[in-house]
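Text of upload.pdb, listed as PDB, C-alpha atoms, pLDDT in the B column:
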```pdb
ATOM      1  CA  MET T1373     -13.782 -10.897  -8.907  1.00 87.00           C
ATOM      2  CA  THR T1374     -16.826 -10.900 -11.174  1.00 88.00           C
ATOM      3  CA  SER T1375     -17.849  -7.433  -9.973  1.00 93.00           C
ATOM      4  CA  ARG T1376     -14.221  -6.304 -10.426  1.00 91.00           C
ATOM      5  CA  ALA T1377     -14.315  -7.325 -14.107  1.00 93.00           C
ATOM      6  CA  LYS T1378     -17.602  -5.485 -14.667  1.00 94.00           C
ATOM      7  CA  ALA T1379     -16.528  -2.359 -12.758  1.00 95.00           C
ATOM      8  CA  LEU T1380     -13.201  -2.122 -14.612  1.00 94.00           C
ATOM      9  CA  GLY T1381     -14.879  -2.765 -17.962  1.00 93.00           C
ATOM     10  CA  ASP T1382     -17.446  -0.033 -17.260  1.00 95.00           C
ATOM     11  CA  PHE T1383     -14.759   2.377 -16.052  1.00 95.00           C
ATOM     12  CA  TYR T1384     -12.206   1.911 -18.854  1.00 93.00           C
ATOM     13  CA  GLY T1385     -14.945   1.718 -21.483  1.00 94.00           C
ATOM     14  CA  GLY T1386     -16.737   4.785 -20.143  1.00 95.00           C
ATOM     15  CA  HIS T1387     -16.846   8.442 -21.066  1.00 95.00           C
ATOM     16  CA  VAL T1388     -14.990   9.749 -17.993  1.00 94.00           C
ATOM     17  CA  TRP T1389     -11.897   7.598 -18.613  1.00 94.00           C
ATOM     18  CA  LYS T1390     -11.876   8.327 -22.330  1.00 94.00           C
ATOM     19  CA  THR T1391     -12.076  12.058 -21.593  1.00 95.00           C
ATOM     20  CA  HIS T1392      -9.454  12.167 -18.823  1.00 93.00           C
ATOM     21  CA  ARG T1393      -7.121   9.209 -19.425  1.00 92.00           C
ATOM     22  CA  GLU T1394      -4.219  11.305 -20.718  1.00 92.00           C
ATOM     23  CA  ALA T1395      -4.272  13.544 -17.628  1.00 89.00           C
ATOM     24  CA  ALA T1396      -4.673  10.534 -15.305  1.00 87.00           C
ATOM     25  CA  ASN T1397      -1.862   8.601 -16.965  1.00 86.00           C
ATOM     26  CA  ALA T1398       0.408  11.648 -16.665  1.00 88.00           C
ATOM     27  CA  THR T1399       0.191  11.343 -12.852  1.00 80.00           C
ATOM     28  CA  MET T1400       1.532   7.765 -12.883  1.00 81.00           C
ATOM     29  CA  ILE T1401       5.198   6.902 -13.155  1.00 77.00           C
ATOM     30  CA  ASP T1402       4.488   3.217 -13.750  1.00 78.00           C
ATOM     31  CA  SER T1403       1.033   1.820 -14.406  1.00 77.00           C
ATOM     32  CA  ASP T1404       2.241  -1.613 -15.545  1.00 77.00           C
ATOM     33  CA  ASN T1405       3.649  -2.770 -12.208  1.00 81.00           C
ATOM     34  CA  VAL T1406       0.366  -3.962 -10.670  1.00 90.00           C
ATOM     35  CA  LEU T1407      -0.343  -6.371  -7.837  1.00 94.00           C
ATOM     36  CA  LEU T1408      -3.819  -7.719  -7.099  1.00 94.00           C
ATOM     37  CA  LEU T1409      -4.371  -7.403  -3.353  1.00 96.00           C
ATOM     38  CA  ARG T1410      -7.069  -7.971  -0.758  1.00 95.00           C
ATOM     39  CA  PRO T1411      -7.220  -6.759   2.847  1.00 96.00           C
ATOM     40  CA  ALA T1412      -5.290  -9.056   5.204  1.00 97.00           C
ATOM     41  CA  HIS T1413      -8.340  -8.877   7.517  1.00 93.00           C
ATOM     42  CA  PRO T1414     -11.834  -7.553   6.812  1.00 93.00           C
ATOM     43  CA  THR T1415     -10.962  -4.320   8.660  1.00 93.00           C
ATOM     44  CA  SER T1416      -7.402  -3.790   7.367  1.00 95.00           C
ATOM     45  CA  GLY T1417      -8.321  -2.017   4.112  1.00 93.00           C
ATOM     46  CA  PHE T1418      -8.427   1.734   3.656  1.00 92.00           C
ATOM     47  CA  SER T1419     -11.142   3.515   5.608  1.00 88.00           C
ATOM     48  CA  LEU T1420     -12.158   6.675   3.804  1.00 79.00           C
ATOM     49  CA  GLU T1421     -15.472   7.190   5.624  1.00 81.00           C
ATOM     50  CA  ASN T1422     -14.586  10.443   7.331  1.00 78.00           C
ATOM     51  CA  MET T1423     -12.286  11.750   4.620  1.00 80.00           C
ATOM     52  CA  LYS T1424     -13.854  14.290   2.298  1.00 83.00           C
ATOM     53  CA  ARG T1425     -12.710  14.737  -1.271  1.00 86.00           C
ATOM     54  CA  PRO T1426     -11.744  18.320  -2.090  1.00 86.00           C
ATOM     55  CA  PRO T1427     -14.128  19.927  -4.593  1.00 86.00           C
ATOM     56  CA  VAL T1428     -13.743  19.691  -8.358  1.00 89.00           C
ATOM     57  CA  GLY T1429     -11.230  22.278  -9.508  1.00 87.00           C
ATOM     58  CA  SER T1430      -9.079  22.059  -6.394  1.00 87.00           C
ATOM     59  CA  ASP T1431      -5.452  22.313  -7.347  1.00 87.00           C
ATOM     60  CA  GLU T1432      -3.708  22.529  -3.972  1.00 87.00           C
ATOM     61  CA  VAL T1433      -1.613  19.384  -3.757  1.00 87.00           C
ATOM     62  CA  PRO T1434      -1.191  18.117  -0.182  1.00 88.00           C
ATOM     63  CA  THR T1435       2.317  18.001   1.243  1.00 90.00           C
ATOM     64  CA  SER T1436       1.595  14.616   2.803  1.00 92.00           C
ATOM     65  CA  LEU T1437       3.350  11.427   1.796  1.00 94.00           C
ATOM     66  CA  ILE T1438       1.930   7.912   1.533  1.00 95.00           C
ATOM     67  CA  VAL T1439       4.530   5.155   1.871  1.00 96.00           C
ATOM     68  CA  ALA T1440       3.836   1.627   0.656  1.00 96.00           C
ATOM     69  CA  ILE T1441       6.152  -1.148   1.816  1.00 97.00           C
ATOM     70  CA  ILE T1442       6.005  -4.441  -0.049  1.00 97.00           C
ATOM     71  CA  TYR T1443       7.268  -7.556   1.713  1.00 97.00           C
ATOM     72  CA  TYR T1444       7.941 -10.610  -0.474  1.00 96.00           C
ATOM     73  CA  PHE T1445       7.416 -14.235   0.546  1.00 96.00           C
ATOM     74  CA  GLU T1446       8.415 -17.503  -1.074  1.00 94.00           C
ATOM     75  CA  ARG T1447       4.891 -18.891  -0.524  1.00 93.00           C
ATOM     76  CA  SER T1448       1.566 -17.430   0.605  1.00 94.00           C
ATOM     77  CA  VAL T1449       1.822 -14.936   3.441  1.00 96.00           C
ATOM     78  CA  PRO T1450       1.572 -17.017   6.638  1.00 95.00           C
ATOM     79  CA  SER T1451      -1.030 -16.043   9.222  1.00 94.00           C
ATOM     80  CA  ASP T1452       1.673 -15.884  11.878  1.00 95.00           C
ATOM     81  CA  PHE T1453       3.364 -13.118   9.860  1.00 97.00           C
ATOM     82  CA  ILE T1454       0.125 -11.127   9.936  1.00 97.00           C
ATOM     83  CA  ASN T1455       0.064 -11.648  13.716  1.00 96.00           C
ATOM     84  CA  PHE T1456       3.716 -10.520  13.895  1.00 97.00           C
ATOM     85  CA  PHE T1457       2.835  -7.410  11.905  1.00 97.00           C
ATOM     86  CA  GLU T1458      -0.134  -6.551  14.121  1.00 96.00           C
ATOM     87  CA  ASP T1459       1.436  -7.434  17.480  1.00 96.00           C
ATOM     88  CA  THR T1460       5.046  -6.321  16.954  1.00 95.00           C
ATOM     89  CA  LEU T1461       5.822  -4.323  13.809  1.00 96.00           C
ATOM     90  CA  LYS T1462       2.749  -2.078  13.754  1.00 96.00           C
ATOM     91  CA  PRO T1463       3.005  -0.918  17.404  1.00 96.00           C
ATOM     92  CA  VAL T1464       6.731  -0.184  17.100  1.00 96.00           C
ATOM     93  CA  ALA T1465       6.301   1.643  13.782  1.00 96.00           C
ATOM     94  CA  THR T1466       3.377   3.769  14.959  1.00 95.00           C
ATOM     95  CA  SER T1467       5.236   4.679  18.161  1.00 95.00           C
ATOM     96  CA  LEU T1468       7.880   6.278  15.924  1.00 95.00           C
ATOM     97  CA  GLY T1469       5.560   8.438  13.844  1.00 89.00           C
ATOM     98  CA  PRO T1470       3.390   7.168  11.018  1.00 91.00           C
ATOM     99  CA  MET T1471      -0.260   6.304  10.945  1.00 91.00           C
ATOM    100  CA  ILE T1472      -0.697   2.878   9.360  1.00 94.00           C
ATOM    101  CA  SER T1473      -3.579   3.289   6.930  1.00 93.00           C
ATOM    102  CA  ALA T1474      -4.057  -0.233   5.589  1.00 96.00           C
ATOM    103  CA  TYR T1475      -2.415  -3.589   4.940  1.00 98.00           C
ATOM    104  CA  PHE T1476      -3.045  -6.208   2.301  1.00 98.00           C
ATOM    105  CA  VAL T1477      -1.980  -9.634   1.039  1.00 98.00           C
ATOM    106  CA  THR T1478      -1.887 -11.113  -2.447  1.00 96.00           C
ATOM    107  CA  GLU T1479      -5.258 -11.966  -3.960  1.00 94.00           C
ATOM    108  CA  THR T1480      -4.648 -15.294  -5.682  1.00 91.00           C
ATOM    109  CA  SER T1481      -7.751 -15.327  -7.896  1.00 90.00           C
ATOM    110  CA  GLU T1482      -7.386 -15.289 -11.649  1.00 89.00           C
ATOM    111  CA  ASN T1483      -7.168 -11.840 -13.238  1.00 91.00           C
ATOM    112  CA  THR T1484     -10.724 -11.207 -14.433  1.00 91.00           C
ATOM    113  CA  PHE T1485      -9.730  -8.112 -16.424  1.00 91.00           C
ATOM    114  CA  PRO T1486      -6.774  -9.120 -18.660  1.00 89.00           C
ATOM    115  CA  ALA T1487      -6.667  -5.689 -20.312  1.00 88.00           C
ATOM    116  CA  LEU T1488      -5.087  -4.573 -17.029  1.00 87.00           C
ATOM    117  CA  PRO T1489      -2.053  -6.899 -16.681  1.00 86.00           C
ATOM    118  CA  LEU T1490      -0.936  -7.987 -13.224  1.00 90.00           C
ATOM    119  CA  ARG T1491       2.280  -9.285 -11.712  1.00 89.00           C
ATOM    120  CA  GLU T1492       1.425 -12.915 -11.216  1.00 86.00           C
ATOM    121  CA  ASN T1493       2.910 -15.558  -8.929  1.00 87.00           C
ATOM    122  CA  GLU T1494       3.930 -12.971  -6.338  1.00 92.00           C
ATOM    123  CA  ASN T1495       3.311 -13.550  -2.634  1.00 96.00           C
ATOM    124  CA  VAL T1496       3.302 -10.208  -0.894  1.00 97.00           C
ATOM    125  CA  PHE T1497       2.204  -8.312   2.184  1.00 98.00           C
ATOM    126  CA  VAL T1498       1.812  -4.576   1.548  1.00 98.00           C
ATOM    127  CA  TRP T1499       1.310  -1.926   4.200  1.00 98.00           C
ATOM    128  CA  PHE T1500       0.595   1.752   3.750  1.00 96.00           C
ATOM    129  CA  SER T1501       1.545   4.509   6.164  1.00 96.00           C
ATOM    130  CA  THR T1502       0.911   8.225   5.992  1.00 94.00           C
ATOM    131  CA  PHE T1503       3.144  11.118   6.950  1.00 95.00           C
ATOM    132  CA  GLN T1504       2.389  14.837   7.137  1.00 93.00           C
ATOM    133  CA  ASP T1505       5.266  15.569   4.757  1.00 94.00           C
ATOM    134  CA  SER T1506       8.630  14.298   3.502  1.00 95.00           C
ATOM    135  CA  ALA T1507      10.414  15.707   6.559  1.00 96.00           C
ATOM    136  CA  ALA T1508       8.180  13.625   8.849  1.00 95.00           C
ATOM    137  CA  TYR T1509       9.122  10.535   6.844  1.00 96.00           C
ATOM    138  CA  GLU T1510      12.832  11.376   7.078  1.00 97.00           C
ATOM    139  CA  ASN T1511      12.437  11.802  10.848  1.00 96.00           C
ATOM    140  CA  TYR T1512      10.730   8.400  10.993  1.00 96.00           C
ATOM    141  CA  GLU T1513      13.574   6.748   9.062  1.00 95.00           C
ATOM    142  CA  ALA T1514      16.110   8.331  11.435  1.00 96.00           C
ATOM    143  CA  ALA T1515      14.088   7.131  14.443  1.00 96.00           C
ATOM    144  CA  LEU T1516      13.965   3.598  12.991  1.00 94.00           C
ATOM    145  CA  SER T1517      17.726   3.499  12.613  1.00 93.00           C
ATOM    146  CA  GLN T1518      18.116   4.515  16.283  1.00 95.00           C
ATOM    147  CA  SER T1519      15.366   2.302  17.690  1.00 95.00           C
ATOM    148  CA  GLU T1520      16.526  -0.681  19.723  1.00 94.00           C
ATOM    149  CA  ARG T1521      12.963  -2.032  19.714  1.00 93.00           C
ATOM    150  CA  TRP T1522      12.952  -1.963  15.898  1.00 94.00           C
ATOM    151  CA  ARG T1523      16.365  -3.638  15.665  1.00 92.00           C
ATOM    152  CA  ASP T1524      15.737  -6.221  18.406  1.00 90.00           C
ATOM    153  CA  LYS T1525      12.113  -7.107  17.754  1.00 89.00           C
ATOM    154  CA  VAL T1526      11.141  -6.144  14.225  1.00 93.00           C
ATOM    155  CA  SER T1527      14.245  -6.484  12.038  1.00 92.00           C
ATOM    156  CA  ILE T1528      15.126  -9.890  13.420  1.00 90.00           C
ATOM    157  CA  GLY T1529      11.522 -11.031  13.051  1.00 90.00           C
ATOM    158  CA  LEU T1530      11.342  -9.842   9.454  1.00 93.00           C
ATOM    159  CA  THR T1531      14.437 -11.791   8.427  1.00 91.00           C
ATOM    160  CA  ARG T1532      12.696 -15.020   9.513  1.00 91.00           C
ATOM    161  CA  TYR T1533       9.885 -14.436   7.047  1.00 94.00           C
ATOM    162  CA  LEU T1534      10.998 -12.464   4.010  1.00 94.00           C
ATOM    163  CA  ASP T1535      12.156 -13.943   0.733  1.00 89.00           C
ATOM    164  CA  ARG T1536      14.021 -10.781  -0.358  1.00 93.00           C
ATOM    165  CA  ALA T1537      14.461  -7.128   0.487  1.00 94.00           C
ATOM    166  CA  PRO T1538      11.246  -5.104   0.598  1.00 96.00           C
ATOM    167  CA  ASP T1539      10.295  -2.415  -1.892  1.00 95.00           C
ATOM    168  CA  VAL T1540       9.501   1.018  -0.493  1.00 96.00           C
ATOM    169  CA  LEU T1541       7.289   3.228  -2.656  1.00 93.00           C
ATOM    170  CA  LYS T1542       6.735   6.901  -1.844  1.00 94.00           C
ATOM    171  CA  LEU T1543       3.456   8.228  -3.188  1.00 91.00           C
ATOM    172  CA  SER T1544       2.200  11.808  -3.333  1.00 89.00           C
ATOM    173  CA  PRO T1545      -1.550  12.323  -3.098  1.00 90.00           C
ATOM    174  CA  THR T1546      -3.180  14.317  -5.873  1.00 86.00           C
ATOM    175  CA  ALA T1547      -5.112  17.513  -5.198  1.00 88.00           C
ATOM    176  CA  ARG T1548      -8.454  15.676  -4.916  1.00 87.00           C
ATOM    177  CA  SER T1549      -7.223  12.542  -3.151  1.00 88.00           C
ATOM    178  CA  ARG T1550      -9.208  11.498  -0.094  1.00 85.00           C
ATOM    179  CA  LEU T1551      -6.149   9.659   1.191  1.00 82.00           C
ATOM    180  CA  ARG T1552      -3.779  12.192   2.703  1.00 74.00           C
ATOM    181  CA  GLY T1553      -1.739  12.653   5.865  1.00 68.00           C
TER     182      GLY T1553
END
```

Translate the structure described by the file into structure tokens.
Amino acid sequence: MTSRAKALGDFYGGHVWKTHREAANATMIDSDNVLLLRPAHPTSGFSLENMKRPPVGSDEVPTSLIVAIIYYFERSVPSDFINFFEDTLKPVATSLGPMISAYFVTETSENTFPALPLRENENVFVWFSTFQDSAAYENYEAALSQSERWRDKVSIGLTRYLDRAPDVLKLSPTARSRLRG
């Protein structure tokens, strides 16, 4: 968290942000709805090793779609939920289409950069999946609604854990994003 405070201070106080903040902010619908997360496991964060960033000046926006699903819990995310996600939800979901890119839980440390406000006192599990395009996501949703495995294994399991209905966020990568479908 100490390195986070320094990195954010350097970034937001630096020349690049000051030069491009208006353009960057124009790409965000809501920059005030922020959760502080950490990978659920050391290997469950985004892996961008083999993903190359398009060159400066690229303006071709990918057709891919990144979907973030936020599950809410009354208390800290239990380890048995993470096991349920890995052993049940993830295999069923990936069998129906998406690639699951990463999954995270709430980081409970104090916000070390108060200039960037966070939603506090939230207990969440967030997973990200990628789709080639919006049609692939629509096909996935249709497959979920028809899937007995999803209904019998996943939906019932989720109701045991969740405090409220999940949020589903659909994100479009920018032209130079390394994260794409």

(request) Determine the residue set returned by the PyMOL selection byres ((chain T and resi 1423-1432) around 8) for the present structure, and present it as a list of chain:residue names. (result) T:Leu1420, T:Glu1421, T:Asn1422, T:Val1433, T:Pro1434, T:Ala1547, T:Arg1548, T:Ser1549, T:Arg1550, T:Leu1551

The selected residues should be written to file as a PDB file, in the frame of the given file (atoms: C-alpha atoms).
```
ATOM      1  CA  LEU T1420     -12.158   6.675   3.804  1.00 79.00           C
ATOM      2  CA  GLU T1421     -15.472   7.190   5.624  1.00 81.00           C
ATOM      3  CA  ASN T1422     -14.586  10.443   7.331  1.00 78.00           C
ATOM      4  CA  VAL T1433      -1.613  19.384  -3.757  1.00 87.00           C
ATOM      5  CA  PRO T1434      -1.191  18.117  -0.182  1.00 88.00           C
ATOM      6  CA  ALA T1547      -5.112  17.513  -5.198  1.00 88.00           C
ATOM      7  CA  ARG T1548      -8.454  15.676  -4.916  1.00 87.00           C
ATOM      8  CA  SER T1549      -7.223  12.542  -3.151  1.00 88.00           C
ATOM      9  CA  ARG T1550      -9.208  11.498  -0.094  1.00 85.00           C
ATOM     10  CA  LEU T1551      -6.149   9.659   1.191  1.00 82.00           C
TER      11      LEU T1551
END
```

(message) So that I can see what lies close to Thr1502 in chain T, please list as a PyMOL selection string the residues with an atom at most 12 Å from it, counting all atoms listed in the file and leaving out residues fewer than 6 positions away in the same chain.
(response) chain T and resi 1418+1434-1441+1465-1466+1469-1474+1508-1509+1512+1541-1545+1551-1553

(message) From the options T:Asp1505, T:Arg1376, T:Gly1529, T:Ala1515, which residue's atoms come nearest to Ile1454 in chain T, counting all atoms listed in the file?
(response)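 Between T:Asp1505, T:Arg1376, T:Gly1529, T:Ala1515, the residue approaching Ile1454 in chain T most closely is T:Gly1529.
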
(message) So the first atom is CA of Arg1393 in chain T and the second is CA of Val1406 in chain T; what is the distance between them in Å, to one decimal place?
(response)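 Interatomic distance here is 17.5 Å.
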
(request) Check what the PyMOL selection byres ((chain T and resi 1475-1484) around 7) selects in the file above and give those residues as a list in words. (result)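 Listing what the PyMOL selection byres ((chain T and resi 1475-1484) around 7) selects in the shown file: Met1373, Thr1374, Ala1377, Leu1408, Leu1409, Arg1410, Pro1411, Ala1412, Ser1416, Gly1417, Val1449, Ala1474, Phe1485, Pro1486, Asn1495, Val1496, Phe1497, Val1498, Trp1499 and Phe1500 of chain T.
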
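Each of T:Ala1398, T:Leu1468, T:Leu1490, T:Arg1447 was checked against Ser1517 in chain T using all atoms listed in the file; the smallest atom-to-atom distance is that of T:Leu1468.
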
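The closest residue to Ala1396 in chain T, picked from T:Val1464, T:Thr1546, T:Thr1415, T:Tyr1444 and counting all atoms listed in the file, is T:Thr1546.
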
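On the file presented, the PyMOL selection byres ((chain T and resi 1530) around 12) picks out Tyr1443, Tyr1444, Phe1445, Asp1452, Phe1453, Ile1454, Phe1456, Phe1457, Thr1460, Leu1461, Phe1497, Trp1522, Arg1523, Asp1524, Lys1525, Val1526, Ser1527, Ile1528, Gly1529, Thr1531, Arg1532, Tyr1533, Leu1534, Asp1535, Arg1536, Ala1537 and Pro1538 of chain T.
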
(request) Record the distance separating CA of Glu1446 in chain T and CA of Asn1493 in chain T, expressed in Å with one decimal. (result)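 Between these atoms lies a distance of 9.8 Å.
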
(request) Grab the CA of Glu1492 in chain T to CA of Leu1407 in chain T distance for me, in Å with one decimal place. (result) 7.6 Å

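Between Leu1488 in chain T and the residues T:Asp1404, T:Glu1513, T:Asp1539, T:Asp1459, the shortest atom-to-atom distance, using only C-alpha atoms, involves T:Asp1404.
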
As JSON, please: the centre and edge lengths in Å, to one decimal, of an axis-aligned box enclosing every listed atom of range 1389-1407 of chain T with 3 Å added on each side.
```
{"center_x": -3.4, "center_y": 3.6, "center_z": -15.1, "size_x": 23.3, "size_y": 25.9, "size_z": 20.5}
```

(message) Restricting the calculation to only C-alpha atoms: of T:Arg1521, T:His1413, T:Ser1467, T:Ala1487, which residue gets closest to Leu1380 in chain T?
(response) T:Ala1487
